[in-house]
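**Student:** Sharing a structure below in structure tokens format, with a few things to ask.
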Amino acid sequence: MNDASLTTTGMSGIDIEMPVAGPGARAYAFVLDIHIRALLALAWIFVAGFILAGIGYVADGVFDLISAWGSFWFVAFPGLLIYLLYHPVLEVAMKGLTPGKRFAGVRIVTESGGVPGAGPLLIRNLFRIVDSAPTFYVVGFIATLVTKRHVRIGDIAAGTVLVYFRQRKQRDIEVAEQLSRADKVTPQQAALIQELLDRWKQLQPDVRARLAAKTFAAVGEPLPEVWDQDKLYARLAHLLTASDSG
Amino acid sequence: MNAKTNEGLRHWLEQRTTRWRRLGELTQKLRRGRNHDPEDVATVVTGYRSLSRDISLAQRVLPNSRLSHLVESLYLDLHTLLHRPASRPLEELKNLLVVQVPQIFRDLRTPIIVVTCLFIFAALAGGWLVHSYPDLAGLFLSARTIEEVQQGKLWTDDMLNIMPSSVLALGIFTNNAMVSFVAFSLGVFYGLGTLYIIGLNGFMLGAIFAFTARHGLADELFTFVVAHGIVELSVICVAGATGVLLGEALARPGDRSRTRAFQEASQKGLRLMVMLVVLLFGCGVIEGYISPNPIYPLSMRVAVGVGWAIVAWLMITGQLWRLFGWRSDTVASP
């Protein structure tokens with residue numbers, strides 16, 4: 001089990017723990033990114049190719065642009081650039097993120113938990129030459145298995161770590177506001193009910209009923225006579241409302 | 001927990017949620033742009049301090065809840081925002097070119113001499129080997145190229161008929177940049193990977209020159225190489241020296257930890273690589289536009305080669321930028 005974490009200490013001495021992403025999460029993000037970059041490059045090649053072919057059809061070979069080398073500069077070269085510079089450019093521009101990393105819920109941070117600058121991000125990308133050797137990132141993968149913080153050689157060189165991060169959403173603030181209004185239950189109970197409601201759709205009906213029964217018992221509410229799923233949800237949600245709202 | 005405590009907790013939440021919402025919005029705003037409202041900045045600084053108290057309370061009363069995650073994530077965002085170093089790209093670029101690159105180049109004097117000696121030795125060894133055993137040329141050149149050379153024709157003769165200068169320059173630049181990156185990064189194997197790459201490149205160069213000399217084409221090859229080769233080969237040796245630096249940091253970290261030494265060597269290496277990539281781009285342009293073009297006489301090629309070498313020297317030692325009056329106010333020790 002991966003239980004490594006990175007601790008950031010703020011000016012006021014508060015420690016925030018960031019769980020370190022293991023080889024699985026890293027590989028997941030990488031697989032997503034490699035598909036995105038390949039698709040982007042291919043999309044460019046197709047679109048630019050069609051545009052060029054269209055111009056060629058209309059202009060009937062008048063433009064030099066349609067020549068083989070024009071195609072290279074307009075079609076193949078930008079496609080190649082997209083594929084090769086995807087990681088370094090996006091990691092710098094998105095401050096340690098790429099679309100794949102964002103989707104996988106991981107991001108690159110410095111060893112002190114901060115946002116890495118362009119230098120460390122370029123170093124970790126330069127060392128892909130070593131990490132990707134001899135093929136399919138074997139060196140890098142082994143490095144993530146044997147190092148304490150699951151880092152590849154590029155990360156060791158750059159002083160970076162991949163950590164899990166949870167994107168703050170508008171809903172989080174709304175949930176906090178709801179906690180402050182829920183006066184039928186304690187804030188702790190309200191937090192548990194919210195979590196249950198958030199996960200409601202992912203749970204099996206019998207699990208929902210069991211957890212709902214436990215919750216009603218804990219807050220001193222009578223158990224429902226009919227275990228209708230929608231009604232259960234509505235009753236739980238009602239516990240999160242203020243008394244004067246009915 | 002009694003009713004009074006719960007009421008207090010609710011009151012605290014009620015007060016704080018509005019502030020957290022505001023801090024979240026301000027974080028987004030301050031991440032973008034440069035000219036910030038001082039009032040916004042003051043709010044964020046005060047908010048950062050108060051968030052540390054909120055975190056301890058949230059972690060105590062609602063550990064591992066959505067609320068504590070919200071406060072922690074907000075705190076982290078503000079922490080990152082407030083600790084973000086000032087962005088002064090032009091000043092940083094000047095510092096890199098005028099102070100750091102020349103300093104690193106000076107520090108690498110010994111590894112550069114060692115790597116250059118290795119390159120020359122490998123070239124002589126390759127030359128001697130192919131001169132003595134011409135059949136070994138097959139290890140470095142394709143059968144078609146060998147056949148052409150045996151017929152008195154260099155593979156560089158028709159380069160511009162095969163592809164235009166622009167594509168040629170790009171291809172050559174990419175290839176040379178890759179060789180330099182590989183020479184640098186393979187230093188991670190205690191410098192042995194770098195020495196192998198440098199040795200191999202020197203060996204190939206010597207072997208190819210020896211093979212063309214056997215067929216009376218060495219002068220022609222020299223004519224092709226001279227305009228771009230002086231700087232190109234020097235850059236590869238300097239890139240090799242950065243790889244040796246990496247290897248040395250791992251083998252002899254001194255009083256630093258091995259990881260720290262490796263990181264410092266990587267940072268130094270990257271800074272120098274930035275300059276080397278610029279120089280290789282120049283070499284690629286020369287090799288794409290001048291070297292394969294027969295209209296340029298040898299004297300002009302020599303002039304271009306020596307001229308580019310002087311400019312490269314002035315660039316890497318920082319003197320060129322000082323000629324333009326560039327000074328760096330920040331003294332950074334690389």
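Residues are named by chain letter and number: chains run A, B, ... in the order of the structure tokens, numbers start at 1 in each chain, and ligands are numbered from 1 in the order shown.
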Residues of chain B no more than 7 Å from chain A, counting only C-alpha atoms: send them over as a list in words.
**Tutor:** Asn6, Arg10, His11, Leu13, Glu14, Thr17, Arg21, Arg49, Ser52, Leu62, Ser65, Arg66, Leu67, Leu70, Glu72, Ser73, His79, Thr80, Val182, Ser185, Leu186, Phe262, Gln263, Ser266 and Leu270 of chain B
**Student:** Can you list, as a list in words, every protein, DNA or RNA residue that comes within 12 Å of Ala177 in chain B when you count only C-alpha atoms, leaving out same-chain residues fewer than 3 positions away?
**Tutor:**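 Surrounding residues, per the criterion: Leu126 of chain A; Ala169, Leu170, Gly171, Ile172, Phe173, Thr174, Ser180, Phe181, Val182, Ala183, Phe184, Glu232, Leu233, Val235, Ile236, Ala239, Met273, Val274, Met275, Leu276, Val277, Val278, Leu279, Leu280, Phe281, Gly282, Cys283 and Gly284 of chain B.
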**Student:** I need the residues of range 82-316 of chain B that end up classed as helix (DSSP H, G or I) by DSSP on the backbone, written out as an MDAnalysis selection string.
**Tutor:** chainID B and resid 82:83 89:107 109:132 134:139 143:150 159:162 165:188 192:214 218:251 258:289 298:316
**Student:** Skip Leu78 in chain B itself and residues of its chain fewer than 2 positions away, then list as number ranges by chain all residues within 9 Å of it, counting only C-alpha atoms.
**Tutor:** B: 23-24, 27, 44-45, 47-48, 73-76, 80-83
**Student:** Skipping near chain neighbours, those fewer than 6 positions away, what residues fall within 8 Å of Val20 in chain A using only C-alpha atoms, listed as number ranges by chain?
**Tutor:** A: 2-6, 149-150, 161-164
**Student:** Write the residues you've just listed into a file as a compact mmCIF listing (two decimals), in the first residue's frame, and include all heavy atoms for each of them.
**Tutor:**
```txt
# COMPACT_ATOMS: atom_id res chain seq x y z
N ASN A 2 0.45 2.24 -0.76
CA ASN A 2 1.24 3.45 -0.83
C ASN A 2 0.80 4.43 0.25
O ASN A 2 -0.27 5.01 0.18
CB ASN A 2 1.06 4.06 -2.22
CG ASN A 2 1.64 5.44 -2.31
OD1 ASN A 2 2.63 5.75 -1.63
ND2 ASN A 2 1.04 6.27 -3.13
N ASP A 3 1.62 4.60 1.29
CA ASP A 3 1.22 5.52 2.36
C ASP A 3 2.23 6.65 2.51
O ASP A 3 2.28 7.32 3.53
CB ASP A 3 1.03 4.78 3.69
CG ASP A 3 2.25 3.96 4.06
OD1 ASP A 3 3.24 4.01 3.30
OD2 ASP A 3 2.22 3.28 5.10
N ALA A 4 3.05 6.86 1.47
CA ALA A 4 4.03 7.96 1.54
C ALA A 4 3.29 9.28 1.42
O ALA A 4 2.24 9.37 0.78
CB ALA A 4 5.03 7.81 0.40
N SER A 5 3.82 10.29 2.09
CA SER A 5 3.19 11.61 1.96
C SER A 5 4.24 12.71 2.05
O SER A 5 5.36 12.48 2.49
CB SER A 5 2.11 11.80 3.02
OG SER A 5 2.72 11.85 4.29
N LEU A 6 3.84 13.87 1.59
CA LEU A 6 4.72 15.03 1.58
C LEU A 6 4.09 16.05 2.50
O LEU A 6 2.89 16.28 2.44
CB LEU A 6 4.76 15.56 0.14
CG LEU A 6 5.80 16.60 -0.20
CD1 LEU A 6 7.17 15.94 -0.28
CD2 LEU A 6 5.48 17.19 -1.55
N ARG A 149 9.49 7.97 -2.31
CA ARG A 149 8.39 8.84 -2.74
C ARG A 149 7.89 8.50 -4.14
O ARG A 149 7.26 9.32 -4.79
CB ARG A 149 8.85 10.30 -2.71
CG ARG A 149 8.91 10.83 -1.29
CD ARG A 149 9.42 12.23 -1.28
NE ARG A 149 9.25 12.83 0.02
CZ ARG A 149 9.81 13.97 0.38
NH1 ARG A 149 10.57 14.62 -0.48
NH2 ARG A 149 9.62 14.46 1.57
N HIS A 150 8.21 7.32 -4.60
CA HIS A 150 7.77 6.82 -5.91
C HIS A 150 8.08 7.81 -7.03
O HIS A 150 7.18 8.23 -7.78
CB HIS A 150 6.27 6.52 -5.88
CG HIS A 150 5.90 5.59 -4.77
ND1 HIS A 150 6.31 4.29 -4.72
CD2 HIS A 150 5.19 5.80 -3.62
CE1 HIS A 150 5.87 3.73 -3.62
NE2 HIS A 150 5.21 4.62 -2.93
N VAL A 161 8.01 15.95 -6.92
CA VAL A 161 7.25 14.78 -6.46
C VAL A 161 5.85 14.88 -7.07
O VAL A 161 5.34 15.98 -7.27
CB VAL A 161 7.12 14.79 -4.92
CG1 VAL A 161 6.44 13.53 -4.41
CG2 VAL A 161 8.46 14.95 -4.24
N LEU A 162 5.27 13.72 -7.37
CA LEU A 162 3.89 13.71 -7.87
C LEU A 162 2.97 13.41 -6.69
O LEU A 162 3.15 12.38 -6.03
CB LEU A 162 3.74 12.64 -8.94
CG LEU A 162 2.94 13.02 -10.17
CD1 LEU A 162 3.73 14.06 -10.95
CD2 LEU A 162 2.67 11.84 -11.06
N VAL A 163 2.04 14.31 -6.41
CA VAL A 163 1.13 14.09 -5.27
C VAL A 163 -0.32 14.08 -5.75
O VAL A 163 -0.63 14.61 -6.81
CB VAL A 163 1.30 15.19 -4.19
CG1 VAL A 163 2.66 15.13 -3.55
CG2 VAL A 163 1.01 16.57 -4.76
N TYR A 164 -1.16 13.47 -4.94
CA TYR A 164 -2.59 13.52 -5.23
C TYR A 164 -3.09 14.91 -4.85
O TYR A 164 -2.63 15.49 -3.87
CB TYR A 164 -3.35 12.50 -4.39
CG TYR A 164 -3.16 11.08 -4.84
CD1 TYR A 164 -2.36 10.21 -4.12
CD2 TYR A 164 -3.78 10.61 -5.98
CE1 TYR A 164 -2.18 8.90 -4.53
CE2 TYR A 164 -3.61 9.30 -6.40
CZ TYR A 164 -2.81 8.46 -5.67
OH TYR A 164 -2.63 7.16 -6.08
```
**Student:** I want to know what sits within 9 Å of Lys94 in chain B, based on only C-alpha atoms, with residues of the same chain fewer than 5 positions away left out; could you give that as a PyMOL selection string?
**Tutor:** chain B and resi 89+99+321+326-329
**Student:** Pull C-alpha atoms from the residues just selected and write them as a short mmCIF file (atom, residue, chain, number, x, y, z; two decimals), in the first residue's frame.
**Tutor:**
```cif
data_model
loop_
_atom_site.label_atom_id
_atom_site.label_comp_id
_atom_site.auth_asym_id
_atom_site.auth_seq_id
_atom_site.Cartn_x
_atom_site.Cartn_y
_atom_site.Cartn_z
CA PRO B 89 11.66 36.98 -16.98
CA VAL B 99 26.28 35.52 -14.92
CA TRP B 321 25.82 40.32 -23.95
CA TRP B 326 23.49 43.86 -20.59
CA ARG B 327 24.25 43.70 -16.92
CA SER B 328 22.58 41.61 -14.30
CA ASP B 329 21.71 43.20 -10.98
#
```
**Student:** Which is closer to Leu40 in chain A than all the others in A:Phe136, A:Leu211, A:Gln202, A:Pro78, using only C-alpha atoms?
**Tutor:**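 Under the stated criterion, the closest residue is A:Pro78.
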**Student:** Restricting the calculation to only C-alpha atoms, which member of A:Val109, A:Gly140, A:Phe216, A:Gly54 is positioned closest to Ala21 in chain A?
**Tutor:**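 Of the candidates, the smallest distance to Ala21 in chain A is held by A:Val109.
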**Student:** Need the shell around Tyr233 in chain A: protein/DNA/RNA residues with any atom at most 9 Å away, counting only C-alpha atoms. Skip same-chain ones fewer than 4 positions apart. Format as a list in words?
**Tutor:**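 Neighbouring residues, sequence-local ones excluded: Leu197, Trp200, Ala212, Asp228, Gln229, Ala237 and His238 of chain A.
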**Student:** Neighbours of Tyr28 in chain A within 10 Å (only C-alpha atoms; same-chain residues fewer than 6 positions away dropped), as an NGL selection string?
**Tutor:** :A and (100-101 or 103-104 or 106)
**Student:** Name the closest residue to Ile82 in chain A among the candidates A:Ile45, A:Val207, A:Ile108, A:Ile55; distances are taken between atoms, counting only C-alpha atoms.
**Tutor:**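 Of all the options, A:Ile45 lies closest to Ile82 in chain A.
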**Student:** Which value, in Å to one decimal, gives the distance between CA of Thr156 in chain B and CA of Phe224 in chain B?
**Tutor:**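 Computing it gives 7.6 Å between the two atoms.
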**Student:** Please, which residues of range 21-160 of chain A, numbered as in this document, come out strand (DSSP E) from DSSP, as JSON, numbers by chain?
**Tutor:** {"A": [106, 107, 108, 109, 110, 160]}
